[in-house]
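Asks: File name start-v4.txt; file contents compact mmCIF, C-alpha atoms; full text below.
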```txt
# COMPACT_ATOMS: atom_id res chain seq x y z
CA MET N 2 56.85 59.32 55.47
CA PRO N 3 54.84 60.42 58.48
CA ARG N 4 51.46 59.28 57.13
CA TYR N 5 52.52 55.64 57.51
CA THR N 6 53.40 55.99 61.20
CA THR N 7 49.80 55.63 62.40
CA ARG N 8 49.06 52.73 60.06
CA LEU N 9 52.13 50.89 61.28
CA ALA N 10 51.19 51.61 64.88
CA PHE N 11 47.70 50.24 64.16
CA LEU N 12 49.08 47.09 62.55
CA SER N 13 51.51 46.68 65.43
CA ALA N 14 48.52 46.79 67.74
CA LEU N 15 46.98 44.01 65.66
CA ALA N 16 50.28 42.10 65.78
CA LEU N 17 54.04 42.46 65.45
CA ILE N 18 55.06 42.56 61.82
CA SER N 19 57.88 40.57 60.27
CA LEU N 20 58.10 40.06 56.53
CA ALA N 21 61.09 38.29 55.07
CA GLY N 22 62.34 37.35 51.66
CA CYS N 23 60.27 39.47 49.27
CA ALA N 24 61.47 39.96 45.75
CA SER N 25 61.22 43.11 43.69
CA THR N 26 58.01 44.03 41.92
CA ALA N 27 57.19 44.19 38.25
CA THR N 28 54.37 45.59 36.19
CA ALA N 29 52.77 44.29 33.03
CA SER N 30 49.74 44.94 30.90
CA VAL N 31 47.44 41.93 30.73
CA THR N 32 44.38 40.62 28.99
CA PRO N 33 41.86 39.21 31.49
CA THR N 34 41.89 35.41 31.66
CA ALA N 35 40.42 32.88 34.04
CA THR N 36 42.68 31.64 36.82
CA ALA N 37 42.28 28.28 38.53
CA ALA N 38 41.58 28.48 42.26
CA THR N 39 43.62 26.48 44.74
CA THR N 40 42.89 25.67 48.35
CA PRO N 41 46.18 25.25 50.25
CA GLN N 42 46.02 24.12 53.86
CA PRO N 43 47.76 26.19 56.56
CA THR N 44 51.30 25.01 57.17
CA ALA N 45 54.25 26.24 59.19
CA THR N 46 56.23 26.61 55.98
CA SER N 47 54.81 26.78 52.50
CA THR N 48 56.15 27.10 48.99
CA LEU N 49 55.51 30.52 47.55
CA ALA N 50 53.35 30.32 44.45
CA PRO N 51 52.97 33.36 42.22
CA ALA N 52 49.95 35.51 42.94
CA PRO N 53 47.20 35.00 40.39
CA THR N 54 46.65 37.73 37.82
CA PRO N 55 43.40 39.63 38.37
CA THR N 56 40.71 38.50 35.95
CA ASN N 57 38.74 41.74 36.09
CA VAL N 58 41.35 44.15 34.69
CA PRO N 59 39.80 47.03 32.74
CA ALA N 60 41.26 47.77 29.31
CA GLY N 61 44.36 49.98 29.45
CA TRP N 62 45.19 49.14 33.08
CA SER N 63 48.48 47.62 34.25
CA VAL N 64 49.10 44.98 36.92
CA LEU N 65 51.44 45.27 39.90
CA ASP N 66 52.72 41.72 40.37
CA THR N 67 54.44 41.05 43.74
CA PRO N 68 55.52 37.83 45.46
CA HIS N 69 52.32 37.79 47.57
CA PHE N 70 49.62 39.53 45.55
CA SER N 71 48.71 41.26 42.34
CA ILE N 72 46.54 44.33 41.85
CA ALA N 73 45.60 46.34 38.77
CA TYR N 74 45.72 50.11 38.44
CA PRO N 75 44.71 52.67 35.79
CA GLN N 76 46.97 54.18 33.18
CA GLY N 77 48.97 57.10 34.58
CA TRP N 78 49.15 55.71 38.11
CA THR N 79 52.55 54.75 39.56
CA PRO N 80 53.30 51.83 41.88
CA ASN N 81 55.96 52.43 44.54
CA THR N 82 57.57 49.97 46.96
CA TYR N 83 58.61 50.98 50.48
CA PRO N 84 60.31 48.34 52.65
CA GLN N 85 59.41 49.06 56.29
CA GLN N 86 61.70 48.82 59.33
CA ASP N 87 59.65 45.94 60.72
CA GLY N 88 60.25 43.82 57.60
CA SER N 89 56.87 44.36 55.96
CA ILE N 90 56.61 45.94 52.53
CA LEU N 91 54.28 48.79 51.66
CA TYR N 92 53.13 49.01 48.05
CA SER N 93 51.62 52.40 47.29
CA ILE N 94 49.84 53.15 44.00
CA THR N 95 49.75 56.87 43.38
CA TYR N 96 48.36 59.39 40.93
CA PRO N 97 48.94 63.17 41.04
CA GLN N 98 46.28 65.03 43.05
CA HIS N 99 44.69 61.75 44.20
CA PRO N 100 45.10 59.99 47.56
CA PRO N 101 47.14 56.76 47.32
CA VAL N 102 45.86 53.21 47.43
CA ASP N 103 48.17 51.13 49.63
CA VAL N 104 48.76 47.43 50.30
CA LEU N 105 51.00 46.40 53.20
CA ALA N 106 52.08 42.73 52.98
CA GLN N 107 53.98 40.56 55.42
CA GLU N 108 54.70 36.87 55.86
CA HIS N 109 54.10 34.96 59.09
CA MET N 110 52.68 37.85 61.10
CA PRO N 111 52.81 36.96 64.80
CA ASN N 112 49.26 37.10 66.19
CA GLY N 113 47.99 38.26 62.78
CA ALA N 114 45.57 35.37 62.47
CA SER N 115 44.04 36.02 65.89
CA SER N 116 43.60 39.71 65.01
CA TYR N 117 42.00 38.69 61.71
CA CYS N 118 39.69 36.14 63.33
CA ALA N 119 38.65 38.51 66.14
CA PRO N 120 38.75 42.01 64.59
CA PRO N 121 39.36 44.98 66.85
CA SER N 122 36.46 47.10 68.06
CA GLY N 123 34.89 49.12 65.27
CA PHE N 124 35.89 46.65 62.55
CA GLN N 125 33.41 44.41 60.75
CA LYS N 126 33.69 41.34 58.52
CA VAL N 127 33.19 42.15 54.81
CA VAL N 128 34.11 40.67 51.44
CA LEU N 129 36.51 42.63 49.22
CA ALA N 130 37.77 41.27 45.90
CA GLY N 131 36.23 37.91 46.77
CA ALA N 132 38.17 37.52 50.05
CA PRO N 133 36.68 37.76 53.55
CA MET N 134 38.30 40.71 55.32
CA SER N 135 38.01 42.84 58.41
CA TYR N 136 37.07 46.43 57.56
CA GLY N 137 37.09 49.67 59.51
CA LEU N 138 38.14 53.29 59.55
CA VAL N 139 41.64 53.95 60.84
CA GLY N 140 42.56 57.37 62.19
CA GLU N 141 45.79 59.01 61.21
CA GLU N 142 47.22 62.49 60.78
CA GLY N 143 44.62 64.62 59.06
CA GLY N 144 41.65 62.26 59.30
CA PHE N 145 40.61 58.70 58.63
CA LYS N 146 41.22 56.12 55.93
CA ARG N 147 39.31 53.04 54.90
CA SER N 148 41.26 49.92 55.88
CA TRP N 149 40.81 46.20 55.16
CA PHE N 150 42.77 43.36 56.82
CA PHE N 151 43.15 39.79 55.51
CA VAL N 152 45.28 36.79 56.55
CA ASN N 153 45.43 33.89 54.11
CA ALA N 154 46.00 30.19 54.70
CA GLN N 155 49.69 30.66 53.90
CA ASP N 156 49.91 33.00 56.94
CA THR N 157 50.52 36.14 54.88
CA ALA N 158 48.82 39.25 56.26
CA PHE N 159 47.57 42.09 54.07
CA ALA N 160 46.40 45.58 55.03
CA LEU N 161 44.69 47.44 52.17
CA ASP N 162 44.12 51.17 52.64
CA ALA N 163 42.33 53.89 50.72
CA ASP N 164 43.10 57.35 52.07
CA ASP N 165 39.92 58.78 50.57
CA THR N 166 37.34 59.25 53.34
CA GLN N 167 37.29 63.01 52.73
CA SER N 168 37.32 62.68 48.93
CA ALA N 169 34.51 62.90 46.38
CA ALA N 170 32.43 59.84 45.55
CA ALA N 171 34.19 59.56 42.16
CA VAL N 172 37.57 59.26 43.92
CA GLN N 173 36.23 56.53 46.22
CA ALA N 174 34.73 54.73 43.22
CA GLN N 175 38.12 54.78 41.45
CA ASP N 176 39.82 53.42 44.59
CA ASN N 177 37.13 50.73 44.91
CA ALA N 178 37.76 49.69 41.30
CA ILE N 179 41.49 49.32 42.04
CA LEU N 180 40.92 47.40 45.28
CA ALA N 181 38.43 45.08 43.54
CA THR N 182 41.31 43.70 41.43
CA PHE N 183 43.38 42.61 44.49
CA ARG N 184 44.42 38.94 44.26
CA PRO N 185 46.48 37.38 47.08
CA ASP N 186 48.79 34.45 46.40
CA SER N 187 46.20 32.38 48.27
CA ALA N 188 42.63 33.63 48.64
CA THR N 189 41.86 30.90 51.14
CA PRO N 190 41.46 32.66 54.49
CA TRP N 191 43.21 31.60 57.63
CA PRO N 192 40.90 29.10 59.40
CA CYS N 193 39.43 30.86 62.42
```
Reformat the file's structure so that it appears as structure tokens.
Replies:
Amino acid sequence: MPRYTTRLAFLSALALISLAGCASTATASVTPTATAATTPQPTATSTLAPAPTPTNVPAGWSVLDTPHFSIAYPQGWTPNTYPQQDGSILYSITYPQHPPVDVLAQEHMPNGASSYCAPPSGFQKVVLAGAPMSYGLVGEEGGFKRSWFFVNAQDTAFALDADDTQSAAAVQAQDNAILATFRPDSATPWPC
């Protein structure tokens, strides 16, 4: 998949990626419910808790539930999992004739926290889905994509991408609605 080459090169520039021990993914339809927030402290090793279910899931949507995060997507969309050579896992949610929405997750990313705390040039601090993230446009074959980067207190790094910079406003709004449901296993950011 050539379109992931630039993203992986970008993330490698942020830090070397090494994800280990992820389980397979599952999907389920859910009814929105409140989820208790936890505030784990950063540790060298931590017990993996299930990612909380998004509470803002529109009717008819399904939830992609992974070991490190959950995210909701509309009916007709398909989640795909692509293990990467560097050990990270790319989750791509696709719909025919629509650019994908991607989440790349990895545990214990070397230098990931420093890249998160001091974003590269052109990136800014924003809040997405209630989590403080670095945001910027990332160039790749054929143009740019919107990209968010987050490292949580459990030292899991996430790159969220929407390949929609050249798409209509309605397409970007749909992608924003999907990304707004993102819930990491710990929403507590890495302490900078």
Asks: What is the atom CA of N:Ala132-atom CA of N:Val172 distance in Å, reported with one decimal?
Replies: 22.6 Å
Asks: Please measure the separation of atom CA of N:Ser93 and atom CA of N:Pro192, giving the value in Å to one decimal.
Replies: 28.4 Å
Asks: Using all atoms listed in the file, which residue out of N:Gln125, N:Ser187, N:Ser116, N:Ser148 lies closest to N:Thr54?
Replies: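 So, comparing all the options, the nearest one is N:Ser187.
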Asks: For N:Leu129, which residue among N:Ala174, N:Ala181, N:Met110, N:Leu91 is the nearest when counting only C-alpha atoms?
Replies: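 Between N:Ala174, N:Ala181, N:Met110, N:Leu91, the residue approaching N:Leu129 most closely is N:Ala181.
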Asks: Please compute the atom CA of N:Pro100-atom CA of N:Tyr74 distance, one decimal, in Å.
Replies: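 These two atoms are separated by 13.5 Å.
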Asks: Using only C-alpha atoms, which protein or nucleic acid residues come within 7 Å of N:Val104? Drop anything in the same chain fewer than 3 positions from it, and give the result as a list in words.
Replies: Leu91, Tyr92, Ser93, Phe159, Ala160, Leu161 and Asp162 of chain N
Asks: Since fewer atoms than expected are present, regenerate N, CA, C and O atoms for stretch 129-146 of chain N and write them as a PDB file, in the coordinates of the input.
Replies:
```pdb
ATOM      1  N   LEU N 129      35.897  41.718  50.191  1.00  0.00           N
ATOM      2  CA  LEU N 129      36.510  42.630  49.220  1.00  0.00           C
ATOM      3  C   LEU N 129      37.294  41.790  48.234  1.00  0.00           C
ATOM      4  O   LEU N 129      38.087  40.936  48.649  1.00  0.00           O
ATOM      5  N   ALA N 130      37.075  42.001  46.960  1.00  0.00           N
ATOM      6  CA  ALA N 130      37.770  41.270  45.900  1.00  0.00           C
ATOM      7  C   ALA N 130      37.633  39.757  46.087  1.00  0.00           C
ATOM      8  O   ALA N 130      38.554  39.000  45.817  1.00  0.00           O
ATOM      9  N   GLY N 131      36.500  39.321  46.603  1.00  0.00           N
ATOM     10  CA  GLY N 131      36.230  37.910  46.770  1.00  0.00           C
ATOM     11  C   GLY N 131      36.842  37.280  48.010  1.00  0.00           C
ATOM     12  O   GLY N 131      36.697  36.078  48.230  1.00  0.00           O
ATOM     13  N   ALA N 132      37.527  38.065  48.842  1.00  0.00           N
ATOM     14  CA  ALA N 132      38.170  37.520  50.050  1.00  0.00           C
ATOM     15  C   ALA N 132      37.496  38.098  51.293  1.00  0.00           C
ATOM     16  O   ALA N 132      37.193  39.286  51.351  1.00  0.00           O
ATOM     17  N   PRO N 133      37.265  37.252  52.309  1.00  0.00           N
ATOM     18  CA  PRO N 133      36.680  37.760  53.550  1.00  0.00           C
ATOM     19  C   PRO N 133      37.730  38.579  54.315  1.00  0.00           C
ATOM     20  O   PRO N 133      38.838  38.119  54.556  1.00  0.00           O
ATOM     21  N   MET N 134      37.366  39.800  54.657  1.00  0.00           N
ATOM     22  CA  MET N 134      38.300  40.710  55.320  1.00  0.00           C
ATOM     23  C   MET N 134      37.639  41.404  56.488  1.00  0.00           C
ATOM     24  O   MET N 134      36.421  41.455  56.589  1.00  0.00           O
ATOM     25  N   SER N 135      38.470  41.931  57.369  1.00  0.00           N
ATOM     26  CA  SER N 135      38.010  42.840  58.410  1.00  0.00           C
ATOM     27  C   SER N 135      38.111  44.241  57.839  1.00  0.00           C
ATOM     28  O   SER N 135      39.086  44.568  57.165  1.00  0.00           O
ATOM     29  N   TYR N 136      37.095  45.082  58.114  1.00  0.00           N
ATOM     30  CA  TYR N 136      37.070  46.430  57.560  1.00  0.00           C
ATOM     31  C   TYR N 136      36.721  47.442  58.639  1.00  0.00           C
ATOM     32  O   TYR N 136      35.864  47.203  59.486  1.00  0.00           O
ATOM     33  N   GLY N 137      37.402  48.580  58.590  1.00  0.00           N
ATOM     34  CA  GLY N 137      37.090  49.670  59.510  1.00  0.00           C
ATOM     35  C   GLY N 137      37.792  50.937  59.082  1.00  0.00           C
ATOM     36  O   GLY N 137      38.614  50.945  58.161  1.00  0.00           O
ATOM     37  N   LEU N 138      37.463  52.014  59.770  1.00  0.00           N
ATOM     38  CA  LEU N 138      38.140  53.290  59.550  1.00  0.00           C
ATOM     39  C   LEU N 138      39.291  53.394  60.531  1.00  0.00           C
ATOM     40  O   LEU N 138      39.137  53.093  61.710  1.00  0.00           O
ATOM     41  N   VAL N 139      40.443  53.814  60.024  1.00  0.00           N
ATOM     42  CA  VAL N 139      41.640  53.950  60.840  1.00  0.00           C
ATOM     43  C   VAL N 139      42.015  55.423  60.858  1.00  0.00           C
ATOM     44  O   VAL N 139      42.159  56.041  59.806  1.00  0.00           O
ATOM     45  N   GLY N 140      42.173  55.973  62.055  1.00  0.00           N
ATOM     46  CA  GLY N 140      42.560  57.370  62.190  1.00  0.00           C
ATOM     47  C   GLY N 140      44.049  57.552  62.002  1.00  0.00           C
ATOM     48  O   GLY N 140      44.850  56.704  62.383  1.00  0.00           O
ATOM     49  N   GLU N 141      44.386  58.634  61.359  1.00  0.00           N
ATOM     50  CA  GLU N 141      45.790  59.010  61.210  1.00  0.00           C
ATOM     51  C   GLU N 141      45.853  60.515  61.060  1.00  0.00           C
ATOM     52  O   GLU N 141      44.829  61.194  61.073  1.00  0.00           O
ATOM     53  N   GLU N 142      47.052  61.050  60.910  1.00  0.00           N
ATOM     54  CA  GLU N 142      47.220  62.490  60.780  1.00  0.00           C
ATOM     55  C   GLU N 142      46.295  63.025  59.700  1.00  0.00           C
ATOM     56  O   GLU N 142      46.314  62.560  58.575  1.00  0.00           O
ATOM     57  N   GLY N 143      45.471  63.989  60.043  1.00  0.00           N
ATOM     58  CA  GLY N 143      44.620  64.620  59.060  1.00  0.00           C
ATOM     59  C   GLY N 143      43.283  63.953  58.807  1.00  0.00           C
ATOM     60  O   GLY N 143      42.536  64.389  57.953  1.00  0.00           O
ATOM     61  N   GLY N 144      42.957  62.876  59.511  1.00  0.00           N
ATOM     62  CA  GLY N 144      41.650  62.260  59.300  1.00  0.00           C
ATOM     63  C   GLY N 144      41.664  60.756  59.398  1.00  0.00           C
ATOM     64  O   GLY N 144      42.449  60.172  60.128  1.00  0.00           O
ATOM     65  N   PHE N 145      40.777  60.154  58.619  1.00  0.00           N
ATOM     66  CA  PHE N 145      40.610  58.700  58.630  1.00  0.00           C
ATOM     67  C   PHE N 145      40.840  58.134  57.245  1.00  0.00           C
ATOM     68  O   PHE N 145      40.730  58.828  56.247  1.00  0.00           O
ATOM     69  N   LYS N 146      41.123  56.841  57.209  1.00  0.00           N
ATOM     70  CA  LYS N 146      41.220  56.120  55.930  1.00  0.00           C
ATOM     71  C   LYS N 146      40.430  54.839  56.062  1.00  0.00           C
ATOM     72  O   LYS N 146      40.234  54.319  57.160  1.00  0.00           O
TER      73      LYS N 146
END
```
